[in-house]
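These notes concern the structure reproduced below.
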Amino acid sequence: MPTWLQLMLDSAPSLLWAGLTFTIPLTLLSFIFGLILGLLTAVARLFGPAPVVAIARFYVWVIRGTPLLVQLFVIFYGLPSAGILLDAFTAALIGFSLNVGAYTSEIIRAVISSVPRGQWEAAYSIGMSWSQAMRRTILPQATRVAVPPLSNTFISLVKDTSLAAAITVPEMFQTAQRIVATTYEPLILYILAALIYLAMSSVLSALQVRLERRFARYGGFLEART
């Protein structure tokens with residue numbers, strides 16, 4: 001067996017374990033918290049009073065206008081100088097959640113705005129309150145449209161978690177770096193890490209297609225594409 005293949009086989013379990021224990025949990029938690037934050041931010045920008053709208057816009061402006069790596073460094077390395085100490089995983093979780101929240105807020109804001117005003121009027125005409133109209137009428141329609149861009153955001157987040165290696169989170173990419181430090185085979189180990197990320201992204205992309213088709217039965221946004 002070639003030496004490079006043996007090295008890949010020997011290293012794969014460590015990388016997969018790091019992905020299972022750090023990369024996947026970090027991705028899922030960051031996306032969930034970010035999605036909640038994005039929904040709140042989008043609603044605040046669309047329906048909040050002027051001061052709340054200003055705060056929401058400022059948050060989105062700062063996060064979208066600065067690199068994710070810099071945000072992680074500020075949280076993990078910068079906040080301790082202000083007396084705020086965070087472990088690496090928590091710092092990464094906060095950083096990714098804030099980043100996802102800013103980007104998903106723009107997606108959610110756009111899809112809510114795309115729902116025809118007549119839907120609001122129809123909901124109000126049958127006695128729904130604002131919250132009932134939002135929950136029962138607007139968000140279900142907006143969700144169908146939001147599935148493709150939110151799915152893309154999730155897939156991108158899986159790959160972006162590799163940046164957590166820069167703040168010492170022992171996720172998959174940092175595990176590869178540690179093995180490289182002892183084997184001195186960066187090309188082989190980084191290709192292995194890339195293949196695992198590629199496999200994860202491919203599975204998620206396939207799931208995205210199935211999810212879109214499922215929603216298309218009710219919303220019809222794929223019929224125009226097929």
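Convention: chains lettered A, B, ... in structure tokens order; per-chain residue numbering from 1; ligands numbered from 1 as shown.
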
Find the residues near Gln119 of chain A: any atom within 9 Å, counting only C-alpha atoms, skip ones fewer than 4 places away on the same chain, and give them as an mmCIF file with all heavy atoms, in the first residue's frame.
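Just written: part24.cif:
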```
data_model
loop_
_atom_site.group_PDB
_atom_site.id
_atom_site.type_symbol
_atom_site.label_atom_id
_atom_site.label_comp_id
_atom_site.auth_asym_id
_atom_site.auth_seq_id
_atom_site.Cartn_x
_atom_site.Cartn_y
_atom_site.Cartn_z
ATOM 1 N N VAL A 115 -43.691 38.600 0.465
ATOM 2 C CA VAL A 115 -45.070 38.120 0.612
ATOM 3 C C VAL A 115 -46.014 39.269 0.275
ATOM 4 O O VAL A 115 -45.896 40.367 0.824
ATOM 5 C CB VAL A 115 -45.321 37.626 2.053
ATOM 6 C CG1 VAL A 115 -46.783 37.217 2.232
ATOM 7 C CG2 VAL A 115 -44.396 36.455 2.391
ATOM 8 N N ALA A 123 -55.383 38.158 6.259
ATOM 9 C CA ALA A 123 -55.275 37.653 7.631
ATOM 10 C C ALA A 123 -56.007 38.567 8.605
ATOM 11 O O ALA A 123 -56.733 38.101 9.493
ATOM 12 C CB ALA A 123 -53.806 37.526 8.019
ATOM 13 N N TYR A 124 -55.817 39.881 8.415
ATOM 14 C CA TYR A 124 -56.499 40.829 9.309
ATOM 15 C C TYR A 124 -58.020 40.772 9.107
ATOM 16 O O TYR A 124 -58.790 40.964 10.050
ATOM 17 C CB TYR A 124 -56.002 42.245 9.054
ATOM 18 C CG TYR A 124 -54.574 42.486 9.490
ATOM 19 C CD1 TYR A 124 -53.742 43.360 8.774
ATOM 20 C CD2 TYR A 124 -54.048 41.860 10.606
ATOM 21 C CE1 TYR A 124 -52.433 43.586 9.163
ATOM 22 C CE2 TYR A 124 -52.729 42.081 11.003
ATOM 23 C CZ TYR A 124 -51.936 42.941 10.281
ATOM 24 O OH TYR A 124 -50.639 43.180 10.670
ATOM 25 N N ALA A 133 -51.070 36.577 12.305
ATOM 26 C CA ALA A 133 -50.856 36.689 10.857
ATOM 27 C C ALA A 133 -49.431 36.321 10.489
ATOM 28 O O ALA A 133 -49.188 35.610 9.504
ATOM 29 C CB ALA A 133 -51.181 38.108 10.393
ATOM 30 N N THR A 137 -49.669 32.851 8.598
ATOM 31 C CA THR A 137 -49.818 33.194 7.178
ATOM 32 C C THR A 137 -48.503 33.607 6.525
ATOM 33 O O THR A 137 -48.113 33.064 5.485
ATOM 34 C CB THR A 137 -50.845 34.339 7.006
ATOM 35 O OG1 THR A 137 -52.085 33.944 7.583
ATOM 36 C CG2 THR A 137 -51.046 34.663 5.534
ATOM 37 N N ILE A 138 -47.803 34.561 7.128
ATOM 38 C CA ILE A 138 -46.633 35.148 6.475
ATOM 39 C C ILE A 138 -45.415 34.224 6.538
ATOM 40 O O ILE A 138 -44.803 33.912 5.508
ATOM 41 C CB ILE A 138 -46.306 36.521 7.099
ATOM 42 C CG1 ILE A 138 -47.535 37.435 7.037
ATOM 43 C CG2 ILE A 138 -45.115 37.139 6.369
ATOM 44 C CD1 ILE A 138 -48.102 37.632 5.663
#
```

Quick one: residues within 10 Å of Ala176 of chain A, only C-alpha atoms, excluding same-chain residues fewer than 5 positions away - as an NGL selection string? :A and (11-12 or 14-15 or 18 or 165 or 170-171 or 181 or 186 or 188-193)

Restricting it to N, CA, C and O atoms, dump the selection as an mmCIF file, in the first residue's frame.
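Writing the result to result00.cif gives the following:
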```
data_model
loop_
_atom_site.group_PDB
_atom_site.id
_atom_site.type_symbol
_atom_site.label_atom_id
_atom_site.label_comp_id
_atom_site.auth_asym_id
_atom_site.auth_seq_id
_atom_site.Cartn_x
_atom_site.Cartn_y
_atom_site.Cartn_z
ATOM 1 N N SER A 11 -5.040 8.548 9.492
ATOM 2 C CA SER A 11 -5.433 9.865 9.997
ATOM 3 C C SER A 11 -6.932 10.100 9.929
ATOM 4 O O SER A 11 -7.463 10.915 10.689
ATOM 5 N N ALA A 12 -7.613 9.407 9.025
ATOM 6 C CA ALA A 12 -9.043 9.650 8.816
ATOM 7 C C ALA A 12 -9.874 9.505 10.091
ATOM 8 O O ALA A 12 -10.740 10.355 10.353
ATOM 9 N N SER A 14 -9.175 10.131 13.201
ATOM 10 C CA SER A 14 -8.986 11.302 14.065
ATOM 11 C C SER A 14 -9.729 12.508 13.504
ATOM 12 O O SER A 14 -10.376 13.259 14.250
ATOM 13 N N LEU A 15 -9.655 12.705 12.193
ATOM 14 C CA LEU A 15 -10.348 13.836 11.579
ATOM 15 C C LEU A 15 -11.861 13.659 11.669
ATOM 16 O O LEU A 15 -12.590 14.616 11.959
ATOM 17 N N ALA A 18 -12.998 14.380 15.200
ATOM 18 C CA ALA A 18 -13.019 15.825 15.449
ATOM 19 C C ALA A 18 -14.225 16.463 14.768
ATOM 20 O O ALA A 18 -14.847 17.376 15.319
ATOM 21 N N ALA A 165 -10.198 26.841 13.862
ATOM 22 C CA ALA A 165 -8.860 26.349 14.174
ATOM 23 C C ALA A 165 -7.931 27.488 14.568
ATOM 24 O O ALA A 165 -6.994 27.298 15.352
ATOM 25 N N PRO A 170 -10.440 22.514 18.669
ATOM 26 C CA PRO A 170 -9.877 21.281 18.073
ATOM 27 C C PRO A 170 -10.822 20.601 17.098
ATOM 28 O O PRO A 170 -11.129 19.412 17.221
ATOM 29 N N GLU A 171 -11.304 21.377 16.113
ATOM 30 C CA GLU A 171 -12.199 20.791 15.124
ATOM 31 C C GLU A 171 -11.376 20.088 14.048
ATOM 32 O O GLU A 171 -10.188 19.880 14.203
ATOM 33 N N ALA A 181 1.946 18.500 11.946
ATOM 34 C CA ALA A 181 3.082 18.899 12.775
ATOM 35 C C ALA A 181 3.946 17.716 13.183
ATOM 36 O O ALA A 181 5.121 17.890 13.505
ATOM 37 N N PRO A 186 1.991 17.915 4.841
ATOM 38 C CA PRO A 186 0.845 18.834 4.750
ATOM 39 C C PRO A 186 -0.058 18.576 3.557
ATOM 40 O O PRO A 186 -1.279 18.675 3.660
ATOM 41 N N ILE A 188 -0.851 15.806 1.916
ATOM 42 C CA ILE A 188 -1.721 14.640 2.070
ATOM 43 C C ILE A 188 -2.813 14.913 3.095
ATOM 44 O O ILE A 188 -4.001 14.623 2.869
ATOM 45 N N LEU A 189 -2.435 15.487 4.238
ATOM 46 C CA LEU A 189 -3.413 15.716 5.312
ATOM 47 C C LEU A 189 -4.429 16.783 4.930
ATOM 48 O O LEU A 189 -5.618 16.648 5.240
ATOM 49 N N TYR A 190 -3.970 17.830 4.265
ATOM 50 C CA TYR A 190 -4.917 18.889 3.883
ATOM 51 C C TYR A 190 -5.846 18.426 2.766
ATOM 52 O O TYR A 190 -7.013 18.835 2.705
ATOM 53 N N ILE A 191 -5.342 17.578 1.874
ATOM 54 C CA ILE A 191 -6.218 16.993 0.859
ATOM 55 C C ILE A 191 -7.263 16.104 1.524
ATOM 56 O O ILE A 191 -8.447 16.121 1.155
ATOM 57 N N LEU A 192 -6.847 15.340 2.525
ATOM 58 C CA LEU A 192 -7.782 14.486 3.257
ATOM 59 C C LEU A 192 -8.871 15.326 3.925
ATOM 60 O O LEU A 192 -10.068 15.002 3.831
ATOM 61 N N ALA A 193 -8.469 16.411 4.579
ATOM 62 C CA ALA A 193 -9.454 17.294 5.213
ATOM 63 C C ALA A 193 -10.399 17.882 4.170
ATOM 64 O O ALA A 193 -11.617 17.956 4.392
#
```

Do you have, as CSV, the list of residues of segment 59-102 of chain A lying at most 12 Å from segment 44-54 of chain A, each with its nearest atom pair and that distance in Å to one decimal, counting only C-alpha atoms and ordered by chain then number?
```
residue,atom,partner,partner_atom,distance
A:Tyr59,CA,A:Ala54,CA,8.7
A:Val60,CA,A:Ala54,CA,10.0
A:Trp61,CA,A:Ala54,CA,10.3
A:Ala102,CA,A:Arg45,CA,11.7
```

Please dump the current selection as a short mmCIF file (atom, residue, chain, number, x, y, z; two decimals), in the first residue's frame; keep all heavy atoms.
```cif
data_model
loop_
_atom_site.label_atom_id
_atom_site.label_comp_id
_atom_site.auth_asym_id
_atom_site.auth_seq_id
_atom_site.Cartn_x
_atom_site.Cartn_y
_atom_site.Cartn_z
N TYR A 59 -25.88 46.47 13.65
CA TYR A 59 -25.38 45.11 13.85
C TYR A 59 -25.10 44.42 12.52
O TYR A 59 -24.01 43.85 12.31
CB TYR A 59 -26.39 44.32 14.68
CG TYR A 59 -26.35 42.83 14.49
CD1 TYR A 59 -25.22 42.09 14.85
CD2 TYR A 59 -27.45 42.15 13.96
CE1 TYR A 59 -25.20 40.72 14.67
CE2 TYR A 59 -27.43 40.78 13.78
CZ TYR A 59 -26.30 40.07 14.14
OH TYR A 59 -26.27 38.71 13.97
N VAL A 60 -26.06 44.49 11.60
CA VAL A 60 -25.88 43.85 10.29
C VAL A 60 -24.73 44.50 9.53
O VAL A 60 -23.92 43.82 8.89
CB VAL A 60 -27.19 43.91 9.48
CG1 VAL A 60 -26.97 43.41 8.05
CG2 VAL A 60 -28.29 43.11 10.16
N TRP A 61 -24.65 45.83 9.61
CA TRP A 61 -23.59 46.57 8.92
C TRP A 61 -22.20 46.16 9.41
O TRP A 61 -21.28 45.91 8.62
CB TRP A 61 -23.81 48.07 9.12
CG TRP A 61 -22.70 48.93 8.62
CD1 TRP A 61 -22.31 49.10 7.32
CD2 TRP A 61 -21.82 49.74 9.41
NE1 TRP A 61 -21.25 49.99 7.25
CE2 TRP A 61 -20.94 50.39 8.51
CE3 TRP A 61 -21.72 50.00 10.77
CZ2 TRP A 61 -19.94 51.26 8.96
CZ3 TRP A 61 -20.74 50.87 11.22
CH2 TRP A 61 -19.86 51.48 10.32
N ALA A 102 -26.53 37.82 11.07
CA ALA A 102 -26.54 39.00 10.21
C ALA A 102 -26.92 38.65 8.78
O ALA A 102 -27.74 39.33 8.15
CB ALA A 102 -25.17 39.67 10.23
#
```

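Using only C-alpha atoms, the smallest distance between any of A:Ala82, A:Phe96, A:Asp10, A:Met134 and Asp160 of chain A comes from A:Phe96.
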
Gly34 of chain A: which residues within 7 Å, counting only C-alpha atoms, same-chain residues fewer than 6 positions away excluded, as an MDAnalysis selection string? chainID A and resid 97:98 100:101

Got time to write the residues from that selection, all heavy atoms, as a PDB file, in the first residue's frame?
```pdb
ATOM      1  N   SER A  97     -22.480  32.424  15.365  1.00  0.00           N
ATOM      2  CA  SER A  97     -23.903  32.744  15.513  1.00  0.00           C
ATOM      3  C   SER A  97     -24.182  34.186  15.112  1.00  0.00           C
ATOM      4  O   SER A  97     -25.178  34.473  14.423  1.00  0.00           O
ATOM      5  CB  SER A  97     -24.355  32.502  16.958  1.00  0.00           C
ATOM      6  OG  SER A  97     -24.224  31.141  17.316  1.00  0.00           O
ATOM      7  N   LEU A  98     -23.328  35.103  15.546  1.00  0.00           N
ATOM      8  CA  LEU A  98     -23.507  36.506  15.178  1.00  0.00           C
ATOM      9  C   LEU A  98     -23.371  36.682  13.669  1.00  0.00           C
ATOM     10  O   LEU A  98     -24.132  37.438  13.053  1.00  0.00           O
ATOM     11  CB  LEU A  98     -22.476  37.377  15.894  1.00  0.00           C
ATOM     12  CG  LEU A  98     -22.658  37.555  17.400  1.00  0.00           C
ATOM     13  CD1 LEU A  98     -21.469  38.303  18.001  1.00  0.00           C
ATOM     14  CD2 LEU A  98     -23.953  38.310  17.702  1.00  0.00           C
ATOM     15  N   VAL A 100     -23.839  34.347  11.243  1.00  0.00           N
ATOM     16  CA  VAL A 100     -24.993  33.742  10.579  1.00  0.00           C
ATOM     17  C   VAL A 100     -26.237  34.603  10.780  1.00  0.00           C
ATOM     18  O   VAL A 100     -27.040  34.797   9.856  1.00  0.00           O
ATOM     19  CB  VAL A 100     -25.230  32.314  11.115  1.00  0.00           C
ATOM     20  CG1 VAL A 100     -26.564  31.758  10.610  1.00  0.00           C
ATOM     21  CG2 VAL A 100     -24.101  31.397  10.694  1.00  0.00           C
ATOM     22  N   GLY A 101     -26.404  35.144  11.984  1.00  0.00           N
ATOM     23  CA  GLY A 101     -27.562  35.981  12.269  1.00  0.00           C
ATOM     24  C   GLY A 101     -27.658  37.182  11.350  1.00  0.00           C
ATOM     25  O   GLY A 101     -28.752  37.527  10.874  1.00  0.00           O
TER      26      GLY A 101
END
```

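When atom CA of Thr183 of chain A is paired with atom CA of Pro2 of chain A, their separation reads 15.3 Å.
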
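Atom CA of Ile167 of chain A is positioned 7.0 Å from atom CA of Phe73 of chain A.
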
Shell around Ile94 of chain A at 9 Å using only C-alpha atoms, local window under 6 positions removed, as a PyMOL selection string: chain A and resi 30+33+72+75

With N, CA and C atoms retained, export the selected residues as a PDB file, in the first residue's frame.
```
ATOM      1  N   SER A  30     -24.508  26.906  15.949  1.00  0.00           N
ATOM      2  CA  SER A  30     -24.332  28.246  15.382  1.00  0.00           C
ATOM      3  C   SER A  30     -25.470  28.590  14.435  1.00  0.00           C
ATOM      4  N   PHE A  33     -28.823  29.153  16.594  1.00  0.00           N
ATOM      5  CA  PHE A  33     -28.804  30.444  17.279  1.00  0.00           C
ATOM      6  C   PHE A  33     -28.787  31.598  16.282  1.00  0.00           C
ATOM      7  N   LEU A  72     -13.828  36.536  15.035  1.00  0.00           N
ATOM      8  CA  LEU A  72     -13.438  35.483  15.960  1.00  0.00           C
ATOM      9  C   LEU A  72     -12.259  35.914  16.824  1.00  0.00           C
ATOM     10  N   ILE A  75     -13.418  38.371  19.532  1.00  0.00           N
ATOM     11  CA  ILE A  75     -14.153  37.710  20.614  1.00  0.00           C
ATOM     12  C   ILE A  75     -13.213  36.895  21.500  1.00  0.00           C
TER      13      ILE A  75
END
```

Give me the residues near Asn99 of chain A as a ChimeraX atom specification, where near means some atom within 12 Å (using only C-alpha atoms) and where sequence neighbours in that chain fewer than 6 positions away do not count. /A:30-31,33-35,37-38,59-72,92-93,105-106,153-154,156-157,160-161

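Closest approach to Leu7 of chain A among A:Leu187, A:Leu198, A:Ala42, A:Leu211: A:Leu187, based on only C-alpha atoms.
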